[in-house]
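As structure tokens, the structure follows; a few thoughts come after it.
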2 protein chains.
Amino acid sequence: MNDRHEQWQAAERLALTLTEGGLQRMAARTLAVFLFTDAETVTMGDIADQLGVSAGSVSGSVKSLLSVGLIERLPAPGSRREHYRLREDAWATLFSTQNTVVQLMLQAAETSIATTAANDPAHRRLSQMRDFYQFLFQEIPTLLHRWQQHQATRPG
Amino acid sequence: MNDRHEQWQAAERLALTLTEGGLQRMAARTLAVFLFTDAETVTMGDIADQLGVSAGSVSGSVKSLLSVGLIERLPAPGSRREHYRLREDAWATLFSTQNTVVQLMLQAAETSIATTAANDPAHRRLSQMRDFYQFLFQEIPTLLHRWQQHQATRPG
DNA sequence: GGAAGGGTTCAGAAAGTTCTGAAGATTCGC
DNA sequence: GCGAATCTTCAGAACTTTCTGAACCCTTCC
């Protein structure tokens, strides 16, 4: 149940799944380190050691994970190394990020509709597309709100 | 408002957005043809002409769009060419397909938790991940049900 | 039943993505 | 301020994905 090798395999498998979800390969592997480490925080050196990759790769991955808000830099306690950790709301954040696609789809549908005449079959098809993404777009805040409530009932 | 060139640009832009959403490039461009055509159905030849790509590419794209249920083959009325069109529930289908990732995440989290001890910080992090995706997984059917109701109130 | 159009497949070319390694920038400790 | 450790950047190598083109198969029509 607590075997290091087994745990490592699970981490790499999870990284592959994260890749399916849209993250870049190295960013996914880096995130897996943040999830599986038994320390509270990690440094870039830790990540490079754990994954056996170059410092350059780690730098790029950490930068991208920071930019989407999945990890955070901790106020360095007088150390030379920067410490990072997974953010508490990482998963809700990841979900929200992925849903910017919904916005893009909605916008694309709307501008496309504007290029069609009302009696064109394309007008009807694009309107259906717009309606669906408009619906989704409305529902996302509701969904995240329900998640917060759900969390409140089962406090960590 | 009905300029062919403008419409074509919109189609290609929409195709790029679909690519962001996880579709392959050529499949996305093909889907754009299905959306923007002023005919009720299209043939593979139509698509190849419109996009200026090889018959091989079109064959592959159409196959993949069929497999995920975004388009359908029509009962051919004694013609040599196969006719296809966008399915009515294409967008809900696309959304559902993309949410298989949620299932994969949930499974990955669960198997990962099994490799950690209860007092390991990783255990807590992975549990948070599982809780979120379990929540999402529960909510998807509800969401699609609400979409159907929403559609019923505004009939096409 | 044979010819021709339409569709499929797949090897290889083209394009795109990702990682490394090395050089440069930055920051902390002294 | 100087030196050392850490981090960043970026050109190019390695790898992956995607598209084409040509050969092959299947079906329709005469």
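Labels used: A, B, ... for chains in the order of the structure tokens, numbers from 1 for residues in each chain, and numbers from 1 for ligands as shown.
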Determine, counting only C-alpha atoms (C1' of nucleotides), which protein, DNA and RNA residues have an atom within 9 Å of an atom of Thr30 in chain B; residues of the same chain fewer than 5 positions away are not included. Present the result as a ChimeraX atom specification.
/B:15,25,35,47-48,51,58,61-62,65
Sort by chain and increasing residue number a table of all residues of chain C within 12 Å of chain B, each with its closest pair of atoms and their distance in Å to one decimal, counting only C-alpha atoms (C1' of nucleotides), and write it as JSON lines.
{"residue": "C:DA4", "atom": "C1'", "partner": "B:Arg80", "partner_atom": "CA", "distance": 11.4}
{"residue": "C:DG5", "atom": "C1'", "partner": "B:Arg80", "partner_atom": "CA", "distance": 7.9}
{"residue": "C:DG6", "atom": "C1'", "partner": "B:Arg81", "partner_atom": "CA", "distance": 6.6}
{"residue": "C:DG7", "atom": "C1'", "partner": "B:Ser59", "partner_atom": "CA", "distance": 7.3}
{"residue": "C:DT8", "atom": "C1'", "partner": "B:Ser59", "partner_atom": "CA", "distance": 7.3}
{"residue": "C:DT9", "atom": "C1'", "partner": "B:Gly56", "partner_atom": "CA", "distance": 8.4}
{"residue": "C:DC10", "atom": "C1'", "partner": "B:Gly56", "partner_atom": "CA", "distance": 10.2}
{"residue": "C:DG16", "atom": "C1'", "partner": "B:Arg25", "partner_atom": "CA", "distance": 11.8}
Check: which chain D residues lie within 7 Å of chain B using only C-alpha atoms (C1' of nucleotides), as number ranges by chain:
D: 19-20, 28
Report as a PyMOL selection string: the residues of range 27-154 of chain B with a DSSP assignment of helix (DSSP H, G or I), based on the backbone of this structure.
chain B and resi 27-36+44-51+55-67+90-98+100-113+121-153
Give as a compact mmCIF listing (two decimals) with all heavy atoms, in the first residue's frame every residue of chain A that touches chain B within 6 Å, counting only C-alpha atoms.
# COMPACT_ATOMS: atom_id res chain seq x y z
N MET A 1 0.82 -1.22 0.00
CA MET A 1 0.00 0.00 0.00
C MET A 1 0.85 1.27 0.00
O MET A 1 0.40 2.34 -0.33
CB MET A 1 -0.90 0.04 1.24
CG MET A 1 -2.21 -0.74 1.06
SD MET A 1 -3.19 -0.22 -0.33
CE MET A 1 -4.75 -0.99 0.09
N ASN A 2 2.10 1.15 0.42
CA ASN A 2 2.91 2.36 0.52
C ASN A 2 4.25 2.16 -0.17
O ASN A 2 5.24 2.80 0.17
CB ASN A 2 3.10 2.71 2.00
CG ASN A 2 3.55 4.16 2.16
OD1 ASN A 2 3.47 4.92 1.19
ND2 ASN A 2 4.04 4.51 3.31
N GLN A 7 3.99 3.61 -6.11
CA GLN A 7 3.55 5.00 -6.04
C GLN A 7 4.06 5.78 -7.25
O GLN A 7 3.35 6.59 -7.83
CB GLN A 7 4.07 5.62 -4.74
CG GLN A 7 3.25 6.80 -4.29
CD GLN A 7 3.57 7.18 -2.87
OE1 GLN A 7 4.36 6.52 -2.20
NE2 GLN A 7 2.98 8.26 -2.40
N ALA A 10 2.07 4.97 -10.28
CA ALA A 10 0.78 5.66 -10.23
C ALA A 10 0.94 7.12 -10.62
O ALA A 10 0.10 7.68 -11.34
CB ALA A 10 0.18 5.55 -8.83
N LEU A 14 -0.91 8.90 -13.70
CA LEU A 14 -1.73 10.09 -13.51
C LEU A 14 -1.27 11.23 -14.41
O LEU A 14 -2.09 11.96 -14.98
CB LEU A 14 -1.67 10.51 -12.05
CG LEU A 14 -2.75 11.49 -11.62
CD1 LEU A 14 -3.12 11.25 -10.16
CD2 LEU A 14 -2.33 12.92 -11.80
N LEU A 35 1.71 16.46 -6.45
CA LEU A 35 0.66 15.66 -5.83
C LEU A 35 1.22 14.58 -4.92
O LEU A 35 0.73 14.34 -3.82
CB LEU A 35 -0.19 14.99 -6.92
CG LEU A 35 -1.30 15.82 -7.50
CD1 LEU A 35 -1.83 15.18 -8.77
CD2 LEU A 35 -2.42 15.96 -6.48
N PHE A 36 2.28 13.91 -5.38
CA PHE A 36 2.73 12.68 -4.72
C PHE A 36 3.85 12.90 -3.70
O PHE A 36 4.15 11.99 -2.94
CB PHE A 36 3.20 11.68 -5.77
CG PHE A 36 2.08 10.91 -6.39
CD1 PHE A 36 1.36 11.43 -7.45
CD2 PHE A 36 1.75 9.65 -5.91
CE1 PHE A 36 0.33 10.70 -8.01
CE2 PHE A 36 0.72 8.92 -6.47
CZ PHE A 36 0.00 9.45 -7.53
N ASP A 38 6.00 13.60 -0.49
CA ASP A 38 5.62 13.51 0.92
C ASP A 38 6.11 14.73 1.71
O ASP A 38 5.98 14.78 2.93
CB ASP A 38 6.09 12.19 1.55
CG ASP A 38 7.57 11.95 1.33
OD1 ASP A 38 8.24 12.88 0.83
OD2 ASP A 38 8.05 10.86 1.65
N ALA A 108 -16.97 32.18 -31.26
CA ALA A 108 -16.83 31.74 -32.66
C ALA A 108 -18.20 31.53 -33.30
O ALA A 108 -18.42 31.92 -34.45
CB ALA A 108 -16.01 30.45 -32.71
N SER A 112 -19.78 33.72 -36.37
CA SER A 112 -20.12 32.95 -37.57
C SER A 112 -21.56 33.20 -38.00
O SER A 112 -21.85 33.33 -39.19
CB SER A 112 -19.91 31.46 -37.31
OG SER A 112 -18.55 31.18 -37.09
N THR A 115 -22.30 36.01 -40.26
CA THR A 115 -21.93 35.93 -41.68
C THR A 115 -22.98 35.19 -42.50
O THR A 115 -22.80 35.01 -43.71
CB THR A 115 -20.59 35.21 -41.87
OG1 THR A 115 -20.74 33.82 -41.54
CG2 THR A 115 -19.50 35.81 -41.00
N THR A 116 -24.04 34.72 -41.85
CA THR A 116 -25.04 33.92 -42.58
C THR A 116 -26.38 34.64 -42.66
O THR A 116 -26.73 35.42 -41.78
CB THR A 116 -25.28 32.56 -41.89
OG1 THR A 116 -25.79 32.80 -40.57
CG2 THR A 116 -24.00 31.76 -41.79
N ALA A 117 -27.12 34.33 -43.72
CA ALA A 117 -28.47 34.86 -43.87
C ALA A 117 -29.44 33.99 -43.07
O ALA A 117 -29.19 32.80 -42.85
CB ALA A 117 -28.88 34.87 -45.34
N PRO A 121 -29.37 27.26 -44.24
CA PRO A 121 -29.31 26.15 -43.27
C PRO A 121 -28.18 26.34 -42.26
O PRO A 121 -28.32 25.93 -41.10
CB PRO A 121 -29.04 24.92 -44.15
CG PRO A 121 -29.53 25.28 -45.49
CD PRO A 121 -29.39 26.76 -45.62
N ALA A 122 -27.08 26.94 -42.69
CA ALA A 122 -25.95 27.17 -41.80
C ALA A 122 -26.36 28.04 -40.61
O ALA A 122 -25.86 27.88 -39.50
CB ALA A 122 -24.80 27.83 -42.56
Skipping near chain neighbours, those fewer than 3 positions away, what residues fall within 10 Å of DA14 in chain D using only C-alpha atoms (C1' of nucleotides), listed as a PyMOL selection string?
chain C and resi 18-20
So that I can check the secondary structure, give me every residue of chain B assigned strand (DSSP E or B) by backbone DSSP, as a list in words.
Val42, Ile71, Glu72, Arg73, Tyr84, Arg85 and Leu86 of chain B
Taking all heavy atoms for each residue, export the selection above as a PDB file, in the first residue's frame.
ATOM      1  N   VAL B  42     -23.611  16.736 -47.291  1.00  0.00           N
ATOM      2  CA  VAL B  42     -22.391  16.854 -48.095  1.00  0.00           C
ATOM      3  C   VAL B  42     -21.792  15.476 -48.358  1.00  0.00           C
ATOM      4  O   VAL B  42     -22.036  14.530 -47.608  1.00  0.00           O
ATOM      5  CB  VAL B  42     -21.324  17.738 -47.415  1.00  0.00           C
ATOM      6  CG1 VAL B  42     -21.790  19.173 -47.350  1.00  0.00           C
ATOM      7  CG2 VAL B  42     -20.975  17.213 -46.048  1.00  0.00           C
ATOM      8  N   ILE B  71     -21.383  13.425 -36.690  1.00  0.00           N
ATOM      9  CA  ILE B  71     -22.084  13.429 -37.979  1.00  0.00           C
ATOM     10  C   ILE B  71     -22.724  12.055 -38.183  1.00  0.00           C
ATOM     11  O   ILE B  71     -22.433  11.108 -37.451  1.00  0.00           O
ATOM     12  CB  ILE B  71     -21.129  13.741 -39.151  1.00  0.00           C
ATOM     13  CG1 ILE B  71     -20.055  12.657 -39.262  1.00  0.00           C
ATOM     14  CG2 ILE B  71     -20.515  15.105 -38.992  1.00  0.00           C
ATOM     15  CD1 ILE B  71     -19.144  12.814 -40.461  1.00  0.00           C
ATOM     16  N   GLU B  72     -23.600  11.975 -39.190  1.00  0.00           N
ATOM     17  CA  GLU B  72     -24.229  10.690 -39.491  1.00  0.00           C
ATOM     18  C   GLU B  72     -24.254  10.459 -40.994  1.00  0.00           C
ATOM     19  O   GLU B  72     -24.307  11.411 -41.779  1.00  0.00           O
ATOM     20  CB  GLU B  72     -25.654  10.647 -38.923  1.00  0.00           C
ATOM     21  CG  GLU B  72     -26.557  11.715 -39.484  1.00  0.00           C
ATOM     22  CD  GLU B  72     -27.854  11.849 -38.699  1.00  0.00           C
ATOM     23  OE1 GLU B  72     -28.195  10.958 -37.925  1.00  0.00           O
ATOM     24  OE2 GLU B  72     -28.538  12.899 -38.891  1.00  0.00           O
ATOM     25  N   ARG B  73     -24.198   9.184 -41.388  1.00  0.00           N
ATOM     26  CA  ARG B  73     -24.317   8.818 -42.791  1.00  0.00           C
ATOM     27  C   ARG B  73     -25.800   8.669 -43.093  1.00  0.00           C
ATOM     28  O   ARG B  73     -26.530   8.058 -42.318  1.00  0.00           O
ATOM     29  CB  ARG B  73     -23.585   7.508 -43.036  1.00  0.00           C
ATOM     30  CG  ARG B  73     -23.582   7.087 -44.496  1.00  0.00           C
ATOM     31  CD  ARG B  73     -22.863   5.765 -44.689  1.00  0.00           C
ATOM     32  NE  ARG B  73     -21.541   5.800 -44.051  1.00  0.00           N
ATOM     33  CZ  ARG B  73     -20.596   4.888 -44.274  1.00  0.00           C
ATOM     34  NH1 ARG B  73     -20.812   3.896 -45.107  1.00  0.00           N
ATOM     35  NH2 ARG B  73     -19.431   4.970 -43.658  1.00  0.00           N
ATOM     36  N   TYR B  84     -23.485  12.735 -45.975  1.00  0.00           N
ATOM     37  CA  TYR B  84     -23.356  12.880 -44.532  1.00  0.00           C
ATOM     38  C   TYR B  84     -23.939  14.224 -44.106  1.00  0.00           C
ATOM     39  O   TYR B  84     -24.027  15.156 -44.904  1.00  0.00           O
ATOM     40  CB  TYR B  84     -21.887  12.831 -44.118  1.00  0.00           C
ATOM     41  CG  TYR B  84     -21.174  11.569 -44.523  1.00  0.00           C
ATOM     42  CD1 TYR B  84     -20.589  11.449 -45.783  1.00  0.00           C
ATOM     43  CD2 TYR B  84     -21.083  10.494 -43.642  1.00  0.00           C
ATOM     44  CE1 TYR B  84     -19.929  10.282 -46.164  1.00  0.00           C
ATOM     45  CE2 TYR B  84     -20.431   9.322 -44.003  1.00  0.00           C
ATOM     46  CZ  TYR B  84     -19.853   9.232 -45.272  1.00  0.00           C
ATOM     47  OH  TYR B  84     -19.211   8.082 -45.635  1.00  0.00           O
ATOM     48  N   ARG B  85     -24.305  14.307 -42.823  1.00  0.00           N
ATOM     49  CA  ARG B  85     -24.721  15.599 -42.278  1.00  0.00           C
ATOM     50  C   ARG B  85     -24.442  15.655 -40.783  1.00  0.00           C
ATOM     51  O   ARG B  85     -24.245  14.626 -40.139  1.00  0.00           O
ATOM     52  CB  ARG B  85     -26.210  15.847 -42.547  1.00  0.00           C
ATOM     53  CG  ARG B  85     -27.113  15.026 -41.678  1.00  0.00           C
ATOM     54  CD  ARG B  85     -28.578  15.433 -41.822  1.00  0.00           C
ATOM     55  NE  ARG B  85     -29.415  14.444 -41.166  1.00  0.00           N
ATOM     56  CZ  ARG B  85     -30.677  14.187 -41.519  1.00  0.00           C
ATOM     57  NH1 ARG B  85     -31.237  14.842 -42.519  1.00  0.00           N
ATOM     58  NH2 ARG B  85     -31.367  13.277 -40.861  1.00  0.00           N
ATOM     59  N   LEU B  86     -24.438  16.857 -40.267  1.00  0.00           N
ATOM     60  CA  LEU B  86     -24.247  17.088 -38.831  1.00  0.00           C
ATOM     61  C   LEU B  86     -25.427  16.494 -38.068  1.00  0.00           C
ATOM     62  O   LEU B  86     -26.577  16.652 -38.484  1.00  0.00           O
ATOM     63  CB  LEU B  86     -24.196  18.605 -38.576  1.00  0.00           C
ATOM     64  CG  LEU B  86     -23.696  19.083 -37.226  1.00  0.00           C
ATOM     65  CD1 LEU B  86     -22.208  18.809 -37.088  1.00  0.00           C
ATOM     66  CD2 LEU B  86     -23.972  20.564 -37.063  1.00  0.00           C
TER      67      LEU B  86
END
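Here C1' of DG3 in chain D stands at a distance of 9.4 Å from C1' of DG29 in chain C.
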